[in-house]
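Dropping work_28.tsv in here (TSV, C-alpha atoms):
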chain	number	residue	atom	x	y	z
A	56	MET	CA	37.25	19.40	-21.49
A	57	GLY	CA	33.55	18.60	-21.64
A	58	LYS	CA	31.69	16.15	-19.48
A	59	VAL	CA	30.30	13.00	-21.07
A	60	ILE	CA	26.88	11.90	-19.84
A	61	VAL	CA	25.14	8.68	-20.82
A	62	VAL	CA	21.36	8.52	-20.63
A	63	THR	CA	20.56	4.84	-20.24
A	64	SER	CA	17.95	2.45	-18.83
A	65	GLY	CA	18.08	-1.08	-20.22
A	66	LYS	CA	14.35	-1.13	-20.85
A	67	GLY	CA	12.92	0.63	-23.87
A	68	GLY	CA	10.19	3.22	-23.83
A	69	VAL	CA	10.95	4.65	-20.41
A	70	GLY	CA	11.97	8.09	-21.69
A	71	LYS	CA	15.67	7.96	-22.54
A	72	THR	CA	15.40	9.93	-25.75
A	73	THR	CA	12.90	12.40	-24.30
A	74	SER	CA	15.22	12.93	-21.34
A	75	ALA	CA	18.40	13.19	-23.42
A	76	ALA	CA	16.74	15.86	-25.57
A	77	ALA	CA	15.23	17.72	-22.61
A	78	LEU	CA	18.40	17.68	-20.49
A	79	GLY	CA	20.55	18.66	-23.46
A	80	ALA	CA	18.24	21.51	-24.38
A	81	ALA	CA	17.95	22.66	-20.76
A	82	LEU	CA	21.73	22.81	-20.42
A	83	ALA	CA	22.00	24.73	-23.70
A	84	GLN	CA	19.21	27.09	-22.61
A	85	ASN	CA	21.49	27.89	-19.66
A	86	GLY	CA	24.20	28.92	-22.12
A	87	GLU	CA	26.24	25.71	-22.06
A	88	LYS	CA	27.57	24.24	-25.29
A	89	VAL	CA	25.92	20.85	-25.73
A	90	ALA	CA	26.14	17.96	-28.19
A	91	VAL	CA	23.48	15.25	-27.97
A	92	VAL	CA	24.54	12.01	-29.62
A	93	ASP	CA	22.14	9.31	-30.77
A	94	PHE	CA	23.62	5.81	-30.37
A	95	ASP	CA	20.54	3.96	-31.55
A	96	VAL	CA	21.84	2.90	-34.98
A	97	GLY	CA	19.00	1.54	-37.07
A	98	LEU	CA	16.26	2.99	-34.88
A	99	ARG	CA	17.21	6.61	-34.52
A	100	ASN	CA	14.65	8.93	-32.97
A	101	LEU	CA	16.50	11.71	-31.25
A	102	ASP	CA	16.40	13.68	-34.51
A	103	LEU	CA	12.61	13.41	-34.52
A	104	VAL	CA	12.16	14.36	-30.88
A	105	MET	CA	14.43	17.37	-31.42
A	106	GLY	CA	12.69	18.38	-34.64
A	107	ALA	CA	15.76	17.96	-36.83
A	108	GLU	CA	14.65	14.90	-38.81
A	109	ARG	CA	14.53	16.77	-42.09
A	110	ARG	CA	17.98	18.21	-41.71
A	111	VAL	CA	19.96	14.99	-41.26
A	112	VAL	CA	22.63	14.76	-43.94
A	113	TYR	CA	25.39	12.75	-42.30
A	114	ASP	CA	25.37	10.60	-39.20
A	115	ILE	CA	27.73	9.11	-36.62
A	116	VAL	CA	28.50	6.09	-38.82
A	117	ASN	CA	29.53	8.38	-41.70
A	118	VAL	CA	31.90	10.13	-39.30
A	119	ILE	CA	33.35	6.86	-38.00
A	120	GLN	CA	33.85	5.53	-41.52
A	121	GLY	CA	35.56	8.75	-42.58
A	122	GLU	CA	32.84	9.65	-45.08
A	123	ALA	CA	32.05	12.92	-43.35
A	124	LYS	CA	33.74	15.29	-40.92
A	125	LEU	CA	32.28	15.64	-37.44
A	126	THR	CA	31.50	19.31	-38.12
A	127	GLN	CA	29.52	18.29	-41.22
A	128	ALA	CA	27.46	15.73	-39.34
A	129	LEU	CA	26.59	17.91	-36.34
A	130	ILE	CA	23.21	19.61	-36.72
A	131	ARG	CA	22.77	22.93	-34.99
A	132	ASP	CA	19.42	23.49	-33.28
A	133	LYS	CA	17.33	26.25	-34.81
A	134	ARG	CA	16.03	27.52	-31.46
A	135	VAL	CA	19.05	27.30	-29.15
A	136	GLU	CA	22.31	28.11	-30.85
A	137	THR	CA	24.58	26.23	-28.44
A	138	LEU	CA	22.67	22.97	-28.92
A	139	TYR	CA	23.89	20.40	-31.46
A	140	LEU	CA	22.76	16.94	-32.49
A	141	LEU	CA	24.83	14.09	-33.86
A	142	PRO	CA	22.29	11.69	-35.37
A	143	ALA	CA	22.55	7.91	-35.54
A	144	SER	CA	22.47	6.11	-38.85
A	145	GLN	CA	19.09	4.78	-39.85
A	146	THR	CA	20.15	2.38	-42.57
A	147	ARG	CA	23.59	1.12	-41.67
A	148	ASP	CA	24.30	-1.95	-39.63
A	149	LYS	CA	25.00	-1.63	-35.90
A	150	ASP	CA	28.39	-3.28	-36.46
A	151	ASN	CA	29.59	-0.07	-38.09
A	152	LEU	CA	29.68	1.42	-34.63
A	153	THR	CA	33.21	0.37	-33.67
A	154	PRO	CA	34.80	0.97	-30.25
A	155	GLU	CA	37.72	2.83	-31.86
A	156	GLY	CA	35.41	4.95	-33.99
A	157	VAL	CA	33.20	5.87	-31.06
A	158	GLU	CA	36.24	6.78	-28.98
A	159	LYS	CA	37.50	9.14	-31.69
A	160	VAL	CA	34.14	10.86	-31.96
A	161	ILE	CA	33.71	11.25	-28.20
A	162	VAL	CA	37.24	12.59	-27.71
A	163	ALA	CA	36.66	15.17	-30.45
A	164	LEU	CA	33.28	16.18	-29.03
A	165	LYS	CA	34.69	16.56	-25.52
A	166	LYS	CA	37.17	19.11	-26.85
A	167	ALA	CA	34.51	21.21	-28.55
A	168	PHE	CA	31.59	21.02	-26.12
A	169	ASP	CA	30.88	21.56	-22.42
A	170	TRP	CA	28.53	18.57	-22.34
A	171	VAL	CA	28.31	15.48	-24.52
A	172	ILE	CA	25.04	13.66	-23.91
A	173	CYS	CA	24.91	10.09	-25.22
A	174	ASP	CA	21.41	8.76	-25.79
A	175	SER	CA	21.72	5.00	-25.36
A	176	PRO	CA	19.59	2.47	-27.22
A	177	ALA	CA	17.53	0.05	-25.15
A	178	GLY	CA	19.01	-3.31	-24.31
A	179	ILE	CA	22.50	-4.30	-23.16
A	180	GLU	CA	24.06	-4.98	-26.55
A	181	ARG	CA	26.80	-3.19	-28.48
A	182	GLY	CA	25.01	0.15	-28.92
A	183	ALA	CA	24.20	0.41	-25.25
A	184	THR	CA	27.64	-0.62	-24.02
A	185	LEU	CA	29.35	1.75	-26.47
A	186	ALA	CA	27.08	4.62	-25.42
A	187	MET	CA	28.11	4.20	-21.79
A	188	ARG	CA	31.76	3.33	-22.44
A	189	HIS	CA	33.25	6.85	-22.25
A	190	ALA	CA	30.80	8.36	-19.79
A	191	ASP	CA	31.89	10.43	-16.80
A	192	VAL	CA	28.37	10.45	-15.40
A	193	ALA	CA	25.43	8.10	-16.00
A	194	ILE	CA	21.79	9.03	-15.82
A	195	VAL	CA	19.65	5.95	-15.30
A	196	VAL	CA	16.11	6.61	-16.53
A	197	THR	CA	13.57	4.50	-14.66
A	198	ASN	CA	9.78	4.25	-14.57
A	199	PRO	CA	8.13	3.32	-11.25
A	200	GLU	CA	7.31	-0.12	-12.62
A	201	VAL	CA	8.81	-3.56	-11.90
A	202	SER	CA	10.37	-4.39	-15.28
A	203	SER	CA	11.96	-0.98	-15.60
A	204	VAL	CA	13.45	-1.13	-12.10
A	205	ARG	CA	14.85	-4.59	-12.74
A	206	ASP	CA	16.47	-3.53	-16.01
A	207	SER	CA	17.89	-0.41	-14.38
A	208	ASP	CA	19.51	-2.60	-11.75
A	209	ARG	CA	21.13	-4.62	-14.53
A	210	ILE	CA	22.35	-1.47	-16.26
A	211	ILE	CA	23.82	-0.18	-12.99
A	212	GLY	CA	25.80	-3.42	-12.83
A	213	LEU	CA	27.13	-2.84	-16.35
A	214	LEU	CA	28.00	0.78	-15.58
A	215	ASP	CA	30.11	-0.50	-12.69
A	216	SER	CA	31.91	-3.11	-14.78
A	217	LYS	CA	31.88	-2.43	-18.53
A	218	THR	CA	32.82	1.26	-18.73
A	219	LEU	CA	36.28	2.81	-19.10
A	220	LYS	CA	35.92	4.37	-15.65
A	221	ALA	CA	35.10	1.02	-14.09
A	222	GLU	CA	37.98	-0.68	-15.88
A	223	LYS	CA	40.37	1.96	-14.52
A	224	GLY	CA	39.07	1.21	-11.04
A	225	GLU	CA	37.31	4.55	-10.75
A	226	ARG	CA	33.80	5.06	-9.46
A	227	MET	CA	31.14	5.81	-12.05
A	228	GLU	CA	28.88	8.63	-10.92
A	229	LYS	CA	25.30	7.44	-11.33
A	230	HIS	CA	22.03	9.32	-10.96
A	231	LEU	CA	18.46	8.16	-11.02
A	232	LEU	CA	15.94	10.02	-13.14
A	233	LEU	CA	12.48	8.78	-12.28
A	234	THR	CA	10.15	9.42	-15.20
A	235	ARG	CA	6.40	9.07	-15.82
A	236	TYR	CA	5.78	9.42	-12.11
A	237	ASP	CA	2.19	9.88	-11.02
A	238	PRO	CA	2.06	11.02	-7.39
A	239	ALA	CA	-1.69	10.38	-7.13
A	240	ARG	CA	-1.29	6.73	-8.10
A	241	ALA	CA	1.72	6.33	-5.81
A	242	ASP	CA	-0.35	7.81	-2.96
A	243	ARG	CA	-3.06	5.26	-3.60
A	244	GLY	CA	-0.48	2.49	-3.40
A	245	ASP	CA	-0.85	1.51	-7.02
A	246	MET	CA	2.55	2.71	-8.15
A	247	LEU	CA	5.99	2.23	-6.63
A	248	LYS	CA	6.86	5.30	-4.60
A	249	VAL	CA	10.02	7.36	-5.10
A	250	GLU	CA	11.40	5.97	-1.82
A	251	ASP	CA	10.76	2.38	-2.96
A	252	VAL	CA	12.71	2.81	-6.19
A	253	LEU	CA	15.51	4.68	-4.41
A	254	GLU	CA	15.81	2.02	-1.75
A	255	ILE	CA	15.95	-0.78	-4.31
A	256	LEU	CA	18.42	0.83	-6.73
A	257	SER	CA	20.33	2.85	-4.11
A	258	ILE	CA	21.72	5.55	-6.38
A	259	PRO	CA	21.14	9.29	-5.79
A	260	LEU	CA	18.06	10.93	-7.24
A	261	LEU	CA	18.58	13.50	-9.98
A	262	GLY	CA	14.94	14.32	-10.51
A	263	ILE	CA	11.36	13.20	-10.77
A	264	ILE	CA	9.62	13.83	-14.08
A	265	PRO	CA	5.84	13.65	-13.74
A	266	GLU	CA	3.68	11.71	-16.15
A	267	SER	CA	2.37	14.49	-18.34
A	268	MET	CA	0.61	15.26	-21.59
A	269	ASP	CA	3.21	17.96	-22.17
A	270	VAL	CA	5.84	15.32	-22.98
A	271	LEU	CA	3.81	13.81	-25.82
A	272	ARG	CA	2.79	17.23	-27.05
A	273	ALA	CA	6.43	18.32	-27.20
A	274	SER	CA	7.50	15.25	-29.16
A	275	ASN	CA	4.54	15.73	-31.51
A	276	ILE	CA	5.88	19.13	-32.50
A	277	GLY	CA	9.52	18.03	-32.49
A	278	SER	CA	10.64	20.09	-29.57
A	279	PRO	CA	12.46	19.08	-26.38
A	280	VAL	CA	9.92	19.55	-23.59
A	281	THR	CA	12.05	22.25	-21.95
A	282	LEU	CA	11.77	24.31	-25.15
A	283	ALA	CA	8.15	23.54	-25.99
A	284	ASP	CA	6.79	25.00	-22.77
A	285	THR	CA	9.37	26.21	-20.28
A	286	ASN	CA	6.75	26.45	-17.55
A	287	SER	CA	5.20	22.99	-17.88
A	288	SER	CA	5.78	20.68	-14.93
A	289	PRO	CA	8.05	18.22	-16.82
A	290	ALA	CA	10.10	21.15	-18.17
A	291	ARG	CA	10.55	22.55	-14.68
A	292	ALA	CA	11.55	19.11	-13.42
A	293	TYR	CA	14.18	18.83	-16.17
A	294	PHE	CA	15.50	22.33	-15.46
A	295	ASP	CA	15.87	21.37	-11.78
A	296	ALA	CA	17.57	18.09	-12.74
A	297	VAL	CA	20.09	20.06	-14.80
A	298	ARG	CA	20.85	22.34	-11.85
A	299	ARG	CA	21.57	19.27	-9.73
A	300	LEU	CA	23.70	17.83	-12.51
A	301	LYS	CA	25.78	20.99	-12.37
A	302	GLY	CA	26.33	20.46	-8.66
A	303	ASP	CA	23.53	22.56	-7.17
A	304	ALA	CA	22.27	21.06	-3.90
A	305	LEU	CA	18.66	21.63	-4.84
A	306	PRO	CA	16.26	19.41	-2.88
A	307	VAL	CA	14.12	17.09	-5.02
A	308	THR	CA	10.39	17.68	-4.80
A	309	VAL	CA	7.67	15.37	-6.01
A	310	PRO	CA	5.88	17.29	-8.78
A	311	GLY	CA	2.26	18.08	-8.05
A	312	GLU	CA	2.30	16.58	-4.57
A	313	LYS	CA	0.95	19.73	-3.00
A	314	ARG	CA	-2.55	18.79	-4.08
A	315	GLY	CA	-4.91	18.74	-1.13
A	316	PHE	CA	-7.57	16.30	-0.04
A	317	PHE	CA	-9.98	17.34	-2.74
A	318	GLY	CA	-7.36	17.02	-5.44
A	319	LYS	CA	-6.45	13.53	-4.33
A	320	PHE	CA	-9.97	12.27	-4.87
A	321	PHE	CA	-10.84	14.22	-7.94
A	322	GLY	CA	-7.45	14.48	-9.57
A	323	ARG	CA	-7.21	15.33	-13.23
A	324	LYS	CA	-5.34	12.16	-14.09
A	325	ALA	CA	-7.69	9.22	-14.18
A	326	ALA	CA	-6.02	5.88	-13.53
B	50	MET	CA	-10.72	4.76	-11.25
B	51	ASN	CA	-13.94	5.35	-9.35
B	52	LEU	CA	-14.41	5.78	-5.63
B	53	LEU	CA	-15.73	2.25	-5.14
B	54	GLY	CA	-12.59	0.85	-6.72
B	55	PHE	CA	-10.56	3.09	-4.50
B	56	PHE	CA	-11.97	1.53	-1.36
B	57	SER	CA	-12.13	-2.11	-2.40
B	58	ARG	CA	-8.97	-2.80	-4.39
B	59	PRO	CA	-5.87	-3.76	-2.43
B	60	GLN	CA	-2.71	-1.80	-3.05
B	61	SER	CA	-0.36	-3.33	-5.60
B	62	ALA	CA	2.78	-1.26	-5.03
B	63	PRO	CA	3.87	-3.15	-1.87
B	64	ALA	CA	3.78	-6.42	-3.85
B	65	ALA	CA	5.87	-4.85	-6.63
B	66	ARG	CA	8.39	-3.65	-4.09
B	67	GLU	CA	8.69	-7.01	-2.37
B	68	ARG	CA	8.95	-8.99	-5.61
B	69	LEU	CA	11.67	-6.68	-6.87
B	70	GLN	CA	13.67	-6.91	-3.65
B	71	VAL	CA	13.72	-10.70	-3.75
B	72	LEU	CA	14.48	-10.92	-7.47
B	73	LEU	CA	17.25	-8.36	-7.43
B	74	ALA	CA	18.88	-9.88	-4.37
B	75	HIS	CA	19.24	-13.04	-6.44
B	76	GLU	CA	20.31	-11.35	-9.64
B	77	ARG	CA	22.98	-9.32	-7.87
B	78	ALA	CA	24.35	-12.39	-6.14
B	79	SER	CA	24.70	-14.32	-9.37
B	80	VAL	CA	28.21	-14.98	-10.61
B	81	GLY	CA	28.56	-14.11	-14.27
B	82	ASP	CA	25.18	-14.81	-15.71
B	83	ARG	CA	24.37	-17.84	-13.59
B	84	ASP	CA	23.09	-17.82	-10.05
B	85	LEU	CA	23.98	-20.40	-7.44
B	86	VAL	CA	20.73	-22.35	-7.64
B	87	SER	CA	20.97	-22.75	-11.43
B	88	LYS	CA	24.57	-23.88	-11.12
B	89	LEU	CA	23.64	-26.43	-8.47
B	90	ARG	CA	20.84	-27.72	-10.67
B	91	ASP	CA	23.19	-28.27	-13.61
B	92	GLU	CA	25.94	-29.85	-11.55
B	93	ILE	CA	23.60	-32.19	-9.71
B	94	LEU	CA	22.18	-33.37	-13.03
B	95	ARG	CA	25.67	-33.86	-14.41
B	96	VAL	CA	26.75	-35.95	-11.41
B	97	ILE	CA	23.71	-38.17	-11.71
B	98	ALA	CA	24.21	-38.52	-15.44
B	99	LYS	CA	27.67	-39.93	-14.77
B	100	HIS	CA	26.16	-42.93	-13.11
B	101	VAL	CA	22.74	-43.21	-14.62
B	102	LYS	CA	21.47	-42.59	-18.10
B	103	ILE	CA	18.86	-39.92	-17.54
B	104	ASP	CA	15.88	-39.53	-19.78
B	105	GLN	CA	15.50	-35.74	-20.03
B	106	ASP	CA	11.73	-36.08	-20.13
B	107	LYS	CA	11.80	-37.84	-16.76
B	108	VAL	CA	13.59	-35.01	-15.00
B	109	ASN	CA	11.56	-32.53	-13.06
B	110	VAL	CA	13.40	-29.57	-11.56
B	111	LYS	CA	11.68	-27.02	-9.39
B	112	MET	CA	13.27	-23.88	-8.08
B	113	GLU	CA	11.79	-21.39	-5.70
B	114	ARG	CA	13.73	-18.26	-4.98
B	115	GLY	CA	12.85	-16.71	-1.67
B	116	ALA	CA	14.07	-13.69	0.27
B	117	LYS	CA	15.97	-15.70	2.89
B	118	VAL	CA	15.96	-19.26	1.55
B	119	SER	CA	15.81	-20.77	-1.92
B	120	THR	CA	14.76	-24.33	-2.56
B	121	LEU	CA	15.82	-26.66	-5.30
B	122	ALA	CA	13.94	-29.88	-5.88
B	123	VAL	CA	15.28	-32.34	-8.42
B	124	ASP	CA	12.97	-35.22	-9.15
B	125	ILE	CA	14.44	-37.86	-11.44
B	126	GLU	CA	12.92	-41.14	-12.46
B	127	ILE	CA	15.65	-43.77	-12.42
B	128	PRO	CA	14.62	-46.93	-14.22
B	129	PHE	CA	15.55	-50.30	-12.67
B	130	ASP	CA	18.08	-51.15	-15.36
B	131	ALA	CA	19.55	-47.65	-15.61
B	132	GLY	CA	22.84	-48.59	-13.94
B	133	LYS	CA	23.77	-51.02	-16.70
B	134	LYS	CA	23.57	-48.35	-19.38
B	135	ALA	CA	25.75	-45.88	-17.57
B	136	ALA	CA	29.03	-45.00	-19.27

When written as structure tokens, how does the structure in this file appear?
Amino acid sequence: MGKVIVVTSGKGGVGKTTSAAALGAALAQNGEKVAVVDFDVGLRNLDLVMGAERRVVYDIVNVIQGEAKLTQALIRDKRVETLYLLPASQTRDKDNLTPEGVEKVIVALKKAFDWVICDSPAGIERGATLAMRHADVAIVVTNPEVSSVRDSDRIIGLLDSKTLKAEKGERMEKHLLLTRYDPARADRGDMLKVEDVLEILSIPLLGIIPESMDVLRASNIGSPVTLADTNSSPARAYFDAVRRLKGDALPVTVPGEKRGFFGKFFGRKAA
Amino acid sequence: MNLLGFFSRPQSAPAARERLQVLLAHERASVGDRDLVSKLRDEILRVIAKHVKIDQDKVNVKMERGAKVSTLAVDIEIPFDAGKKAA
């Protein structure tokens, strides 16, 4: 039975889709069988970030409505053969995403894959609550910025009340993935530090993804960042996050913090 | 950012941290989607409305949510003949 992971955040634009693609790809690059599912009906983007936008034939709504079989809708990645994508519908209404339909799809995916990664839409509406509903583990993607932290706190509340696990009285496993982190700005006191965010949200840290040009470059070419350049700092951070997700007690390091005095003053990243 | 800016500008992260801690303490304590201070505000207004016809434009409610203490100030203009109109 596969593990269901929801990648969520409340706020939009913090890196949910980037992270869902990168974590999914990283797991598949380690030989695991992975399905990444886009729940953002009407505003799908996971297909684009994963470079499969021209190969979408059927989507999750087609599967739910019985117009296509799950195996027909799943798109196999051209680079990693154990990586699959289930796209969201771009044209259909969000109401076509029914709780019963989603349950059927998730149950079927769990049987066929080691990991089912649900990329949640922003917000706290239907799409977001359905994306988290069947999760075993939640990854809360947060930027070191006040509105993102606030929304993450709200999402943590929903994860503890509106999911199947919560309703059964079980504890939802939650992890924080801090994205777009700039250690130089945090050092200067102009960005919330890792410790600040951890203290406020009080959930364990899965990883710190540095603010990096490599992320935009990867999405430009339609490749998860872990595939675009396996040695880039965000890719390494995602690979480490995946190891922790699999239970490895790997200590979290702040990317690029080893810069010395000179680097702090004349860092490459201008504020 | 230049070096001058580096030395003169105060840090903003501590303010972000403090504002978040106060806000989230309140949001977490709220029952359903309403927090205590908002509920008090509504109930106080309802009680007064039972006895006095309130002109909504003459009601001034101020709330200040703090880390340890919140304040609620309800300022209502009650006209001299208000009692007669009450239901």

Problem - Shell around stretch 98-111 of chain B at 12 Å using all atoms listed in the file, local window under 2 positions removed, as a PyMOL selection string - result: chain B and resi 86-87+89-96+113-114+119-136

Can you tell me, as a compact mmCIF listing (two decimals) with C-alpha atoms, in the frame of the given file, which residues sit within 6 Å of (26.9, 19.2, -20.1) in the file's frame, using only C-alpha atoms?
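Done, and the output landed in out_14.txt:
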# COMPACT_ATOMS: atom_id res chain seq x y z
CA LYS A 58 31.69 16.15 -19.48
CA VAL A 89 25.92 20.85 -25.73
CA ASP A 169 30.88 21.56 -22.42
CA TRP A 170 28.53 18.57 -22.34
CA VAL A 171 28.31 15.48 -24.52

Exercise for the section: Using all atoms listed in the file, find which residues of chain A lie within 6 Å of chain B and jot them down as a list in words. Expected result: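 My answer is Gly244, Asp245, Met246, Leu247 and Ala326 of chain A.
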
Exercise for the section: Write out as a count of residues only the residues lying within 12 Å of stretch 266-276 of chain A, counting only C-alpha atoms and excluding same-chain residues fewer than 4 positions away. Expected result: 48

Exercise for the section: Kindly indicate which residue among A:Cys173, A:Lys223, A:Gly212, A:Thr126 lies nearest to B:Ala78, using all atoms listed in the file for the distances. Expected result: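 Checking each candidate against B:Ala78, we get A:Gly212 as the closest.
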
Exercise for the section: Pick out the residues sitting within 8 Å of A:Thr218, and hand them over as a list in words; count all atoms listed in the file, and ignore anything fewer than 3 positions along from it in its own chain. Expected result: Thr184, Met187, Arg188, His189, Ala190, Leu213, Leu214, Asp215, Ala221 and Glu222 of chain A

Exercise for the section: Quick one: pull the distance between atom CA of A:Gln127 and atom CA of A:Leu141, Å, one decimal. Expected result: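 A separation of 9.7 Å between them.
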
Problem - Shell of 12 Å around A:Ile119, all atoms listed in the file, local chain residues under 5 positions omitted, as a ChimeraX atom specification - result: /A:113-114,124-125,128,141,143-144,147,150-161,163

Fill in the blank from the handout: Correct to one decimal, the distance atom CA of A:Met56-atom CA of A:Ala167 is 7.8 Å

Exercise for the section: Write out as a PyMOL selection string the residues lying within 10 Å of A:Ala177, counting only C-alpha atoms and excluding same-chain residues fewer than 5 positions away. Expected result: chain A and resi 63-69+71+94-95+182-183+206

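Distance check against A:Arg205 using only C-alpha atoms: of A:Ile255, A:Leu140, A:Ile263, A:Val112, the minimum falls on A:Ile255.
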
Handout entry: Point-to-point distance from atom CA of A:Glu254 to atom CA of A:Pro306, Å rounded to tenths
Key =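 According to the coordinates, atom CA of A:Glu254 and atom CA of A:Pro306 are separated by 17.4 Å.
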